[in-house]
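Raw contents of model-v3.cif, mmCIF, C-alpha atoms:
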```
data_protein
loop_
_atom_site.label_atom_id
_atom_site.label_comp_id
_atom_site.auth_asym_id
_atom_site.auth_seq_id
_atom_site.Cartn_x
_atom_site.Cartn_y
_atom_site.Cartn_z
CA MET A 1 -14.82 -19.43 2.51
CA LEU A 2 -11.42 -17.94 1.72
CA THR A 3 -8.06 -19.40 2.66
CA ALA A 4 -5.20 -17.21 3.90
CA LEU A 5 -3.06 -15.37 1.36
CA LYS A 6 0.57 -16.40 1.75
CA THR A 7 3.15 -14.90 -0.59
CA LYS A 8 6.88 -14.49 -0.95
CA TRP A 9 8.64 -11.69 -2.78
CA THR A 10 10.47 -12.86 -5.90
CA GLY A 11 13.01 -10.03 -5.72
CA LYS A 12 11.62 -8.64 -8.99
CA THR A 13 9.48 -5.65 -9.88
CA VAL A 14 7.02 -5.05 -12.72
CA HIS A 15 6.14 -1.45 -13.66
CA GLY A 16 7.48 -0.29 -10.29
CA ARG A 17 5.44 -2.84 -8.35
CA ARG A 18 6.92 -5.71 -6.35
CA LEU A 19 6.27 -9.14 -7.85
CA TYR A 20 5.28 -11.94 -5.47
CA GLU A 21 4.34 -15.56 -5.89
CA LEU A 22 1.91 -17.58 -3.84
CA SER A 23 3.54 -19.78 -1.19
CA CYS A 24 0.40 -21.94 -1.08
CA SER A 25 -2.86 -22.08 -3.00
CA LEU A 26 -5.50 -19.43 -2.41
CA VAL A 27 -9.00 -20.95 -2.45
CA TRP A 28 -12.36 -19.21 -2.42
CA SER A 29 -15.69 -21.07 -2.36
CA GLY A 30 -19.13 -19.53 -2.57
CA TYR A 31 -22.37 -19.53 -4.53
CA GLY A 32 -21.59 -23.01 -5.85
CA PHE A 33 -18.21 -21.98 -7.29
CA THR A 34 -14.68 -22.74 -6.17
CA ILE A 35 -11.74 -20.74 -7.45
CA THR A 36 -8.28 -22.11 -6.73
CA VAL A 37 -5.29 -19.90 -7.40
CA PRO A 38 -2.34 -22.32 -7.52
CA GLN A 39 0.83 -22.15 -5.49
CA GLY A 40 3.51 -20.28 -7.45
CA PHE A 41 1.03 -17.96 -9.20
CA PRO A 42 2.81 -14.62 -9.84
CA THR A 43 1.09 -11.49 -8.54
CA ASP A 44 1.72 -7.85 -7.73
CA LEU A 45 -1.14 -8.13 -5.19
CA ALA A 46 -3.49 -5.20 -5.90
CA SER A 47 -2.41 -3.28 -9.01
CA ILE A 48 -2.84 0.18 -7.53
CA PRO A 49 -1.46 3.12 -9.55
CA PHE A 50 1.49 4.80 -7.80
CA GLY A 51 -0.34 8.04 -6.94
CA PHE A 52 -3.03 6.16 -5.00
CA ARG A 53 -0.87 3.69 -3.04
CA TRP A 54 -0.79 5.96 0.02
CA LEU A 55 -4.57 5.50 0.31
CA PHE A 56 -4.91 1.99 -1.13
CA PRO A 57 -1.68 0.03 -0.52
CA PRO A 58 -1.22 -3.02 -2.78
CA ASP A 59 -0.94 -5.29 0.27
CA GLY A 60 -4.08 -3.87 1.92
CA PRO A 61 -6.94 -6.04 3.14
CA TRP A 62 -8.24 -6.32 -0.46
CA ALA A 63 -5.08 -8.14 -1.65
CA PRO A 64 -6.55 -11.69 -1.54
CA ALA A 65 -9.51 -10.53 -3.65
CA ALA A 66 -7.12 -8.85 -6.10
CA VAL A 67 -5.06 -12.04 -6.47
CA ALA A 68 -8.19 -14.11 -7.17
CA HIS A 69 -9.32 -11.45 -9.67
CA ASP A 70 -5.93 -11.45 -11.44
CA PHE A 71 -6.06 -15.25 -11.69
CA MET A 72 -9.52 -15.15 -13.25
CA CYS A 73 -8.42 -12.43 -15.69
CA VAL A 74 -5.39 -14.49 -16.74
CA ASN A 75 -7.76 -17.42 -17.33
CA SER A 76 -10.28 -15.39 -19.35
CA GLU A 77 -11.22 -18.40 -21.48
CA LYS A 78 -12.83 -19.85 -18.32
CA TYR A 79 -13.99 -16.69 -16.50
CA SER A 80 -15.63 -13.62 -18.04
CA ARG A 81 -14.50 -10.17 -16.93
CA PHE A 82 -17.95 -9.51 -15.48
CA PHE A 83 -17.76 -12.70 -13.38
CA ALA A 84 -14.21 -11.92 -12.23
CA ASP A 85 -15.22 -8.40 -11.20
CA ALA A 86 -18.32 -9.66 -9.37
CA ILE A 87 -16.33 -12.26 -7.43
CA PHE A 88 -13.70 -9.61 -6.63
CA ARG A 89 -16.43 -7.44 -5.11
CA GLU A 90 -17.99 -10.36 -3.22
CA ILE A 91 -14.69 -11.44 -1.68
CA MET A 92 -13.95 -7.88 -0.56
CA ALA A 93 -17.43 -7.46 0.93
CA LYS A 94 -18.29 -10.83 2.43
CA GLU A 95 -14.95 -12.48 3.22
CA LEU A 96 -12.59 -9.59 3.86
CA ARG A 97 -15.13 -7.07 5.17
CA VAL A 98 -13.45 -4.18 3.38
CA PRO A 99 -15.42 -1.03 4.33
CA TRP A 100 -17.69 0.23 1.55
CA CYS A 101 -15.85 3.58 1.42
CA LYS A 102 -12.72 1.74 0.23
CA ARG A 103 -14.39 -1.22 -1.50
CA LEU A 104 -16.48 0.84 -3.93
CA PRO A 105 -13.68 3.05 -5.30
CA ILE A 106 -11.49 -0.02 -5.80
CA PHE A 107 -14.29 -1.99 -7.46
CA TYR A 108 -15.29 0.84 -9.81
CA ALA A 109 -11.66 1.49 -10.71
CA VAL A 110 -11.36 -2.17 -11.69
CA ARG A 111 -14.60 -2.01 -13.70
CA PHE A 112 -13.46 1.17 -15.49
CA TYR A 113 -10.00 -0.22 -16.22
CA GLY A 114 -11.51 -3.43 -17.54
CA PHE A 115 -14.01 -1.59 -19.72
CA PHE A 116 -11.39 0.80 -21.03
CA PHE A 117 -8.66 -1.76 -21.75
CA HIS A 118 -10.45 -5.10 -22.09
CA TRP A 119 -13.45 -4.96 -24.36
CA ARG A 120 -14.81 -8.33 -23.24
CA SER A 121 -17.92 -8.44 -21.01
#
```
Rewritten as structure tokens:
Amino acid sequence: MLTALKTKWTGKTVHGRRLYELSCSLVWSGYGFTITVPQGFPTDLASIPFGFRWLFPPDGPWAPAAVAHDFMCVNSEKYSRFFADAIFREIMAKELRVPWCKRLPIFYAVRFYGFFFHWRS
């Protein structure tokens, strides 16, 4: 189960990406876990590099999964990178029904970025 993603633009940008905050909590439940991203959580939605935004816009159908993933990464003392990445993939596949031809490149880009920049499992 995934609640609707509701955001409002803060009027700010970070690294050329618009910065939003959640208007209400985003909640995902599955496999015996519940992840609650609190109202007010800052996000740039999906952190897509500029050159790929024409194909994968930050506010695409994967945005709720990206917000949940960002929240788990910010709270890395509670969630491992592997777990955050796996939940990201599950939300895109099962809840959002992102087609595999878009889901897989996004997922593997996240895995590569995490491996390259965050040395934690």
What do you get, as an mmCIF file with C-alpha atoms, keeping the file's coordinate frame, if you spell out every residue that the PyMOL selection byres ((chain A and resi 6-19) around 12) selects here?
```cif
data_model
loop_
_atom_site.group_PDB
_atom_site.id
_atom_site.type_symbol
_atom_site.label_atom_id
_atom_site.label_comp_id
_atom_site.auth_asym_id
_atom_site.auth_seq_id
_atom_site.Cartn_x
_atom_site.Cartn_y
_atom_site.Cartn_z
ATOM 1 C CA THR A 3 -8.060 -19.400 2.660
ATOM 2 C CA ALA A 4 -5.200 -17.210 3.900
ATOM 3 C CA LEU A 5 -3.060 -15.370 1.360
ATOM 4 C CA TYR A 20 5.280 -11.940 -5.470
ATOM 5 C CA GLU A 21 4.340 -15.560 -5.890
ATOM 6 C CA LEU A 22 1.910 -17.580 -3.840
ATOM 7 C CA SER A 23 3.540 -19.780 -1.190
ATOM 8 C CA CYS A 24 0.400 -21.940 -1.080
ATOM 9 C CA SER A 25 -2.860 -22.080 -3.000
ATOM 10 C CA LEU A 26 -5.500 -19.430 -2.410
ATOM 11 C CA VAL A 27 -9.000 -20.950 -2.450
ATOM 12 C CA VAL A 37 -5.290 -19.900 -7.400
ATOM 13 C CA PRO A 38 -2.340 -22.320 -7.520
ATOM 14 C CA GLN A 39 0.830 -22.150 -5.490
ATOM 15 C CA GLY A 40 3.510 -20.280 -7.450
ATOM 16 C CA PHE A 41 1.030 -17.960 -9.200
ATOM 17 C CA PRO A 42 2.810 -14.620 -9.840
ATOM 18 C CA THR A 43 1.090 -11.490 -8.540
ATOM 19 C CA ASP A 44 1.720 -7.850 -7.730
ATOM 20 C CA LEU A 45 -1.140 -8.130 -5.190
ATOM 21 C CA ALA A 46 -3.490 -5.200 -5.900
ATOM 22 C CA SER A 47 -2.410 -3.280 -9.010
ATOM 23 C CA ILE A 48 -2.840 0.180 -7.530
ATOM 24 C CA PRO A 49 -1.460 3.120 -9.550
ATOM 25 C CA PHE A 50 1.490 4.800 -7.800
ATOM 26 C CA GLY A 51 -0.340 8.040 -6.940
ATOM 27 C CA ARG A 53 -0.870 3.690 -3.040
ATOM 28 C CA PRO A 57 -1.680 0.030 -0.520
ATOM 29 C CA PRO A 58 -1.220 -3.020 -2.780
ATOM 30 C CA ASP A 59 -0.940 -5.290 0.270
ATOM 31 C CA ALA A 63 -5.080 -8.140 -1.650
ATOM 32 C CA PRO A 64 -6.550 -11.690 -1.540
ATOM 33 C CA VAL A 67 -5.060 -12.040 -6.470
#
```
Nearest candidate to Phe83 (chain A) (options A:Ile35, A:Met1, A:Leu104, A:Val98; using all atoms listed in the file): A:Ile35
Would you mind listing, for every residue of region 17-71 of chain A within 9 Å of region 89-95 of chain A, the two atoms forming the shortest contact and the distance between them in Å to one decimal, using all atoms listed in the file, sorted by chain and ascending residue number, as CSV?
```
residue,atom,partner,partner_atom,distance
A:Trp28,CA,A:Ile91,CA,8.1
A:Pro61,CA,A:Met92,CA,8.1
A:Trp62,CA,A:Met92,CA,5.9
A:Ala63,CA,A:Met92,CA,8.9
A:Pro64,CA,A:Ile91,CA,8.1
A:Ala65,CA,A:Ile91,CA,5.6
A:Ala66,CA,A:Met92,CA,8.8
A:Ala68,CA,A:Ile91,CA,8.9
```
Name the residues captured by the PyMOL selection byres ((chain A and resi 73) around 12) when it is applied to the shown file; answer as a list in words.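 The output of the PyMOL selection byres ((chain A and resi 73) around 12) on this file is Val37, Thr43, Ala66, Val67, Ala68, His69, Asp70, Phe71, Met72, Val74, Asn75, Ser76, Glu77, Lys78, Tyr79, Ser80, Arg81, Phe82, Phe83, Ala84, Asp85, Ile87, Phe88, Val110, Gly114, His118, Arg120 and Ser121 of chain A.
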So the first atom is CA of Leu55 (chain A) and the second is CA of Gly30 (chain A); what is the distance between them in Å, to one decimal place?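 Computing it gives 29.1 Å between the two atoms.
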Kindly give the distance, in Å, that separates CA of Leu2 (chain A) and CA of Gly60 (chain A), rounded to a single decimal.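 A separation of 15.9 Å between them.
In this structure, CA of Arg97 (chain A) sits 23.0 Å away from CA of Tyr113 (chain A).
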Start from the incomplete input, build N, CA and C atoms for region 25-37 of chain A, and deliver everything as an mmCIF file, in the coordinates of the input.
```
data_model
loop_
_atom_site.group_PDB
_atom_site.id
_atom_site.type_symbol
_atom_site.label_atom_id
_atom_site.label_comp_id
_atom_site.auth_asym_id
_atom_site.auth_seq_id
_atom_site.Cartn_x
_atom_site.Cartn_y
_atom_site.Cartn_z
ATOM 1 N N SER A 25 -1.662 -22.410 -2.211
ATOM 2 C CA SER A 25 -2.860 -22.080 -3.000
ATOM 3 C C SER A 25 -3.788 -21.153 -2.221
ATOM 4 N N LEU A 26 -4.452 -20.288 -2.954
ATOM 5 C CA LEU A 26 -5.500 -19.430 -2.410
ATOM 6 C C LEU A 26 -6.816 -19.984 -2.952
ATOM 7 N N VAL A 27 -7.741 -20.324 -2.045
ATOM 8 C CA VAL A 27 -9.000 -20.950 -2.450
ATOM 9 C C VAL A 27 -10.162 -20.132 -1.926
ATOM 10 N N TRP A 28 -11.116 -19.850 -2.813
ATOM 11 C CA TRP A 28 -12.360 -19.210 -2.420
ATOM 12 C C TRP A 28 -13.505 -20.092 -2.898
ATOM 13 N N SER A 29 -14.489 -20.302 -2.016
ATOM 14 C CA SER A 29 -15.690 -21.070 -2.360
ATOM 15 C C SER A 29 -16.905 -20.253 -1.963
ATOM 16 N N GLY A 30 -17.871 -20.215 -2.850
ATOM 17 C CA GLY A 30 -19.130 -19.530 -2.570
ATOM 18 C C GLY A 30 -20.047 -19.585 -3.757
ATOM 19 N N TYR A 31 -21.354 -19.549 -3.483
ATOM 20 C CA TYR A 31 -22.370 -19.530 -4.530
ATOM 21 C C TYR A 31 -22.234 -20.707 -5.500
ATOM 22 N N GLY A 32 -21.739 -21.835 -5.004
ATOM 23 C CA GLY A 32 -21.590 -23.010 -5.850
ATOM 24 C C GLY A 32 -20.338 -23.020 -6.715
ATOM 25 N N PHE A 33 -19.455 -22.058 -6.526
ATOM 26 C CA PHE A 33 -18.210 -21.980 -7.290
ATOM 27 C C PHE A 33 -17.018 -22.149 -6.357
ATOM 28 N N THR A 34 -15.956 -22.700 -6.881
ATOM 29 C CA THR A 34 -14.680 -22.740 -6.170
ATOM 30 C C THR A 34 -13.618 -22.235 -7.128
ATOM 31 N N ILE A 35 -12.847 -21.281 -6.664
ATOM 32 C CA ILE A 35 -11.740 -20.740 -7.450
ATOM 33 C C ILE A 35 -10.468 -21.054 -6.687
ATOM 34 N N THR A 36 -9.544 -21.744 -7.342
ATOM 35 C CA THR A 36 -8.280 -22.110 -6.730
ATOM 36 C C THR A 36 -7.149 -21.448 -7.491
ATOM 37 N N VAL A 37 -6.460 -20.547 -6.822
ATOM 38 C CA VAL A 37 -5.290 -19.900 -7.400
ATOM 39 C C VAL A 37 -4.098 -20.748 -6.967
#
```
